[in-house]
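Have a look at model31.tsv below; it lists TSV, C-alpha atoms.
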```
chain	number	residue	atom	x	y	z
A	1	MET	CA	5.20	48.18	-23.91
A	2	LYS	CA	7.59	47.63	-21.02
A	3	LYS	CA	4.66	47.90	-18.67
A	4	SER	CA	2.73	45.19	-20.51
A	5	VAL	CA	5.76	42.82	-20.60
A	6	LEU	CA	6.28	43.38	-16.87
A	7	ALA	CA	2.59	42.73	-16.16
A	8	ARG	CA	2.66	39.50	-18.19
A	9	SER	CA	5.84	38.39	-16.39
A	10	LEU	CA	4.30	39.00	-12.99
A	11	THR	CA	1.10	37.22	-14.03
A	12	GLY	CA	3.17	34.25	-15.25
A	13	ALA	CA	5.18	34.20	-12.00
A	14	ALA	CA	1.99	34.34	-9.94
A	15	GLY	CA	0.55	31.46	-11.99
A	16	ALA	CA	3.72	29.41	-11.50
A	17	ALA	CA	3.63	30.09	-7.76
A	18	ALA	CA	-0.01	29.03	-7.63
A	19	VAL	CA	0.79	25.77	-9.46
A	20	ALA	CA	3.75	25.18	-7.12
A	21	GLY	CA	1.44	25.79	-4.15
A	22	VAL	CA	-1.00	23.19	-5.43
A	23	THR	CA	1.83	20.69	-5.92
A	24	ILE	CA	3.05	21.22	-2.37
A	25	ALA	CA	-0.44	20.94	-0.93
A	26	MET	CA	-1.00	17.64	-2.76
A	27	ALA	CA	2.29	16.06	-1.64
A	28	PRO	CA	1.79	13.40	1.04
A	29	ALA	CA	2.89	14.20	4.57
A	30	ALA	CA	6.30	12.90	5.61
A	31	SER	CA	6.09	9.50	7.21
A	32	ALA	CA	7.74	8.32	10.39
A	33	GLN	CA	7.11	4.74	9.17
A	34	LEU	CA	7.06	1.67	11.38
A	35	ALA	CA	8.98	1.81	14.63
A	36	ILE	CA	9.77	-0.74	17.32
A	37	THR	CA	10.38	-0.03	20.99
A	38	SER	CA	14.08	0.76	21.18
A	39	SER	CA	16.27	-1.78	22.90
A	40	THR	CA	19.98	-2.62	22.80
A	41	ALA	CA	19.03	-6.21	21.85
A	42	TYR	CA	15.81	-7.85	20.72
A	43	CYS	CA	15.36	-11.16	22.52
A	44	VAL	CA	13.17	-14.21	21.95
A	45	SER	CA	10.93	-13.97	25.03
A	46	THR	CA	10.60	-10.20	25.43
A	47	THR	CA	7.52	-8.27	24.28
A	48	TYR	CA	8.05	-5.18	22.12
A	49	THR	CA	5.68	-2.47	20.90
A	50	ILE	CA	5.43	-1.86	17.16
A	51	THR	CA	4.03	1.57	16.24
A	52	PHE	CA	2.32	2.49	12.98
A	53	PRO	CA	2.06	6.31	12.87
A	54	SER	CA	-1.38	7.87	12.71
A	55	ALA	CA	-0.70	9.76	9.46
A	56	ASP	CA	0.32	6.53	7.71
A	57	ALA	CA	-2.64	4.65	9.18
A	58	GLN	CA	-5.02	7.37	7.96
A	59	GLN	CA	-3.54	7.24	4.48
A	60	MET	CA	-3.70	3.42	4.31
A	61	ALA	CA	-7.26	3.41	5.69
A	62	SER	CA	-8.33	5.93	3.04
A	63	GLN	CA	-6.71	3.97	0.22
A	64	SER	CA	-7.90	0.50	1.27
A	65	GLY	CA	-11.21	1.28	2.96
A	66	ALA	CA	-10.09	-0.78	5.98
A	67	SER	CA	-10.67	0.35	9.55
A	68	SER	CA	-8.32	-2.11	11.22
A	69	PHE	CA	-4.74	-3.23	10.78
A	70	VAL	CA	-2.65	-6.34	11.45
A	71	LEU	CA	1.02	-6.87	12.16
A	72	GLN	CA	2.74	-9.55	10.08
A	73	ALA	CA	6.08	-10.99	11.26
A	74	VAL	CA	8.07	-13.08	8.78
A	75	ASN	CA	11.20	-15.11	9.60
A	76	GLY	CA	12.23	-17.57	6.87
A	77	THR	CA	9.34	-20.04	6.68
A	78	ASN	CA	7.52	-18.60	9.73
A	79	THR	CA	4.71	-16.12	9.15
A	80	TRP	CA	2.74	-14.80	12.11
A	81	TRP	CA	-0.26	-12.43	12.11
A	82	SER	CA	-1.49	-10.37	15.05
A	83	ALA	CA	-5.12	-9.92	15.95
A	84	PRO	CA	-6.62	-6.92	14.09
A	85	VAL	CA	-6.25	-3.55	15.80
A	86	THR	CA	-8.95	-0.95	15.10
A	87	TYR	CA	-7.70	2.40	13.86
A	88	THR	CA	-8.87	5.50	15.74
A	89	SER	CA	-8.47	8.72	13.78
A	90	GLY	CA	-5.55	10.82	14.99
A	91	GLN	CA	-3.95	8.02	17.05
A	92	ASP	CA	-1.01	5.75	16.28
A	93	VAL	CA	-1.81	2.06	15.82
A	94	THR	CA	0.23	-0.10	18.21
A	95	PHE	CA	0.87	-3.83	18.34
A	96	GLN	CA	2.54	-6.01	20.95
A	97	TRP	CA	5.01	-8.56	19.51
A	98	THR	CA	6.88	-11.33	21.31
A	99	PRO	CA	9.16	-13.18	18.86
A	100	SER	CA	8.85	-16.56	20.65
A	101	GLN	CA	5.07	-16.42	20.29
A	102	SER	CA	5.45	-15.96	16.53
A	103	VAL	CA	6.77	-19.48	15.89
A	104	THR	CA	5.16	-22.89	15.98
A	105	GLY	CA	6.50	-26.22	17.18
A	106	SER	CA	10.23	-26.45	17.74
A	107	THR	CA	11.08	-23.67	15.28
A	108	SER	CA	13.40	-21.03	16.72
A	109	ALA	CA	12.49	-17.36	16.89
A	110	VAL	CA	16.19	-16.44	16.65
A	111	GLY	CA	17.18	-14.66	13.44
A	112	ASN	CA	16.12	-11.82	11.22
A	113	TRP	CA	12.41	-10.90	11.24
A	114	ASN	CA	10.69	-8.60	8.77
A	115	LEU	CA	7.69	-6.80	10.24
A	116	TYR	CA	4.88	-5.37	8.14
A	117	VAL	CA	1.62	-3.61	8.96
A	118	GLY	CA	-1.25	-4.18	6.58
A	119	ALA	CA	-4.88	-3.30	6.24
A	120	SER	CA	-6.90	-6.14	7.78
A	121	GLY	CA	-8.56	-8.24	5.09
A	122	VAL	CA	-6.93	-6.36	2.20
A	123	ALA	CA	-4.23	-8.21	0.27
A	124	GLY	CA	-1.24	-6.32	-1.07
A	125	VAL	CA	-1.55	-3.22	1.11
A	126	ALA	CA	1.32	-3.12	3.61
A	127	GLU	CA	3.91	-0.84	5.17
A	128	GLY	CA	7.37	-2.24	5.84
A	129	PRO	CA	9.52	-4.11	6.22
A	130	LEU	CA	10.98	-3.15	9.54
A	131	SER	CA	13.88	-5.59	10.02
A	132	VAL	CA	14.66	-6.83	13.52
A	133	ASN	CA	17.43	-9.25	14.48
A	134	VAL	CA	16.22	-11.47	17.34
A	135	VAL	CA	18.74	-13.19	19.65
A	136	GLN	CA	18.32	-15.89	22.30
A	137	THR	CA	20.00	-13.80	25.03
A	138	ALA	CA	21.42	-10.31	25.02
A	139	PRO	CA	25.15	-10.08	24.31
A	140	SER	CA	27.50	-8.65	26.92
A	141	GLY	CA	26.78	-4.97	27.56
A	142	ALA	CA	23.30	-5.14	26.02
A	143	THR	CA	19.86	-5.72	27.44
A	144	CYS	CA	16.62	-7.16	26.06
A	145	SER	CA	14.53	-4.71	28.06
A	146	PRO	CA	12.78	-2.03	26.04
A	147	SER	CA	14.14	1.48	26.56
A	148	THR	CA	12.15	3.83	28.78
A	149	LEU	CA	13.22	6.84	26.70
A	150	GLY	CA	10.79	6.22	23.88
A	151	THR	CA	10.02	3.98	20.95
A	152	GLY	CA	11.90	3.43	17.74
A	153	SER	CA	12.63	6.18	15.30
A	154	ALA	CA	10.75	9.48	15.42
A	155	ASN	CA	8.14	8.40	17.98
A	156	MET	CA	9.41	10.60	20.79
A	157	THR	CA	8.97	14.33	20.53
A	158	VAL	CA	11.96	16.58	21.05
A	159	GLY	CA	10.24	18.01	24.14
A	160	GLN	CA	9.84	14.54	25.66
A	161	LEU	CA	13.47	13.69	24.93
A	162	ILE	CA	14.76	16.94	26.47
A	163	SER	CA	12.49	16.48	29.50
A	164	ASN	CA	13.79	12.93	30.04
A	165	LEU	CA	17.41	14.05	29.64
A	166	LEU	CA	16.97	16.95	32.07
A	167	ALA	CA	15.28	14.65	34.61
A	168	GLY	CA	18.22	12.24	34.32
A	169	LEU	CA	20.76	15.06	34.73
A	170	SER	CA	18.86	16.48	37.68
A	171	ALA	CA	18.78	13.09	39.41
A	172	ALA	CA	22.50	12.57	38.71
A	173	GLN	CA	23.40	15.93	40.26
A	174	GLN	CA	21.52	15.30	43.53
A	175	PRO	CA	24.02	15.06	46.41
A	176	SER	CA	24.09	11.65	48.06
A	177	GLN	CA	23.56	11.60	51.81
```

Hey, can you dump this file as structure tokens for me?
Amino acid sequence: MKKSVLARSLTGAAGAAAVAGVTIAMAPAASAQLAITSSTAYCVSTTYTITFPSADAQQMASQSGASSFVLQAVNGTNTWWSAPVTYTSGQDVTFQWTPSQSVTGSTSAVGNWNLYVGASGVAGVAEGPLSVNVVQTAPSGATCSPSTLGTGSANMTVGQLISNLLAGLSAAQQPSQ
């Protein structure tokens, strides 16, 4: 009898593990979400790169049936749309955004912008917002220029980051002549 109870327990545990395995396999991949080129300040007339990760683009394309995406920038009453960017499987979708080109007339681009990426031609399907505070000129100690170390959050691999840091350290340790 002990043998049969043990066999049933192991069978139940194996079944539970199999169900848990199915649940894990069905869970969506972790998302890096939208990212903007890193900068110490985001200024009116500077162009920045917005990145929509490949995994998220694939998922949105599958759900919506769309093969291209648009960037939407919203600041108060201003709403600007980029030209559609075609999604290529396995590649991030990138957009170029210049805040001053997102406004019409005498409206200022200064202020908080919410950025979204949506499936082109499909209402209600969007990723975001990514909030960006745009200033006229960079404050003291800051720069509007995009960083050369990488873009936004989670878009640079650890290997790239370490390589860049080592290159910077190596250059700093070179004796001056």

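Between CA of Gly76 in chain A and CA of Gly128 in chain A the interatomic distance comes to 16.1 Å.
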
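With CA of Leu34 in chain A on one side and CA of Glu127 in chain A on the other, the separation reads 7.4 Å.
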
Identify which of the residues A:Ala41, A:Val93, A:Ala142, A:Ala66 lies closest to Ala123 in chain A, counting only C-alpha atoms when measuring atom-to-atom distances.
A:Ala66

Give me the residues within 8 Å of range 84-89 of chain A as a ChimeraX atom specification, counting all atoms listed in the file and dropping any in the same chain fewer than 4 places off.
/A:54,57-58,67-71,93-95,120

Filtering to C-alpha atoms, could you give me those residues as a PDB file, in the frame of the given file?
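Full text of result03.pdb as output:
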```
ATOM      1  CA  SER A  54      -1.380   7.870  12.710  1.00  0.00           C
ATOM      2  CA  ALA A  57      -2.640   4.650   9.180  1.00  0.00           C
ATOM      3  CA  GLN A  58      -5.020   7.370   7.960  1.00  0.00           C
ATOM      4  CA  SER A  67     -10.670   0.350   9.550  1.00  0.00           C
ATOM      5  CA  SER A  68      -8.320  -2.110  11.220  1.00  0.00           C
ATOM      6  CA  PHE A  69      -4.740  -3.230  10.780  1.00  0.00           C
ATOM      7  CA  VAL A  70      -2.650  -6.340  11.450  1.00  0.00           C
ATOM      8  CA  LEU A  71       1.020  -6.870  12.160  1.00  0.00           C
ATOM      9  CA  VAL A  93      -1.810   2.060  15.820  1.00  0.00           C
ATOM     10  CA  THR A  94       0.230  -0.100  18.210  1.00  0.00           C
ATOM     11  CA  PHE A  95       0.870  -3.830  18.340  1.00  0.00           C
ATOM     12  CA  SER A 120      -6.900  -6.140   7.780  1.00  0.00           C
TER      13      SER A 120
END
```

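The gap separating CA of Gln91 in chain A from CA of Ala55 in chain A is 8.4 Å, in Å to one decimal.
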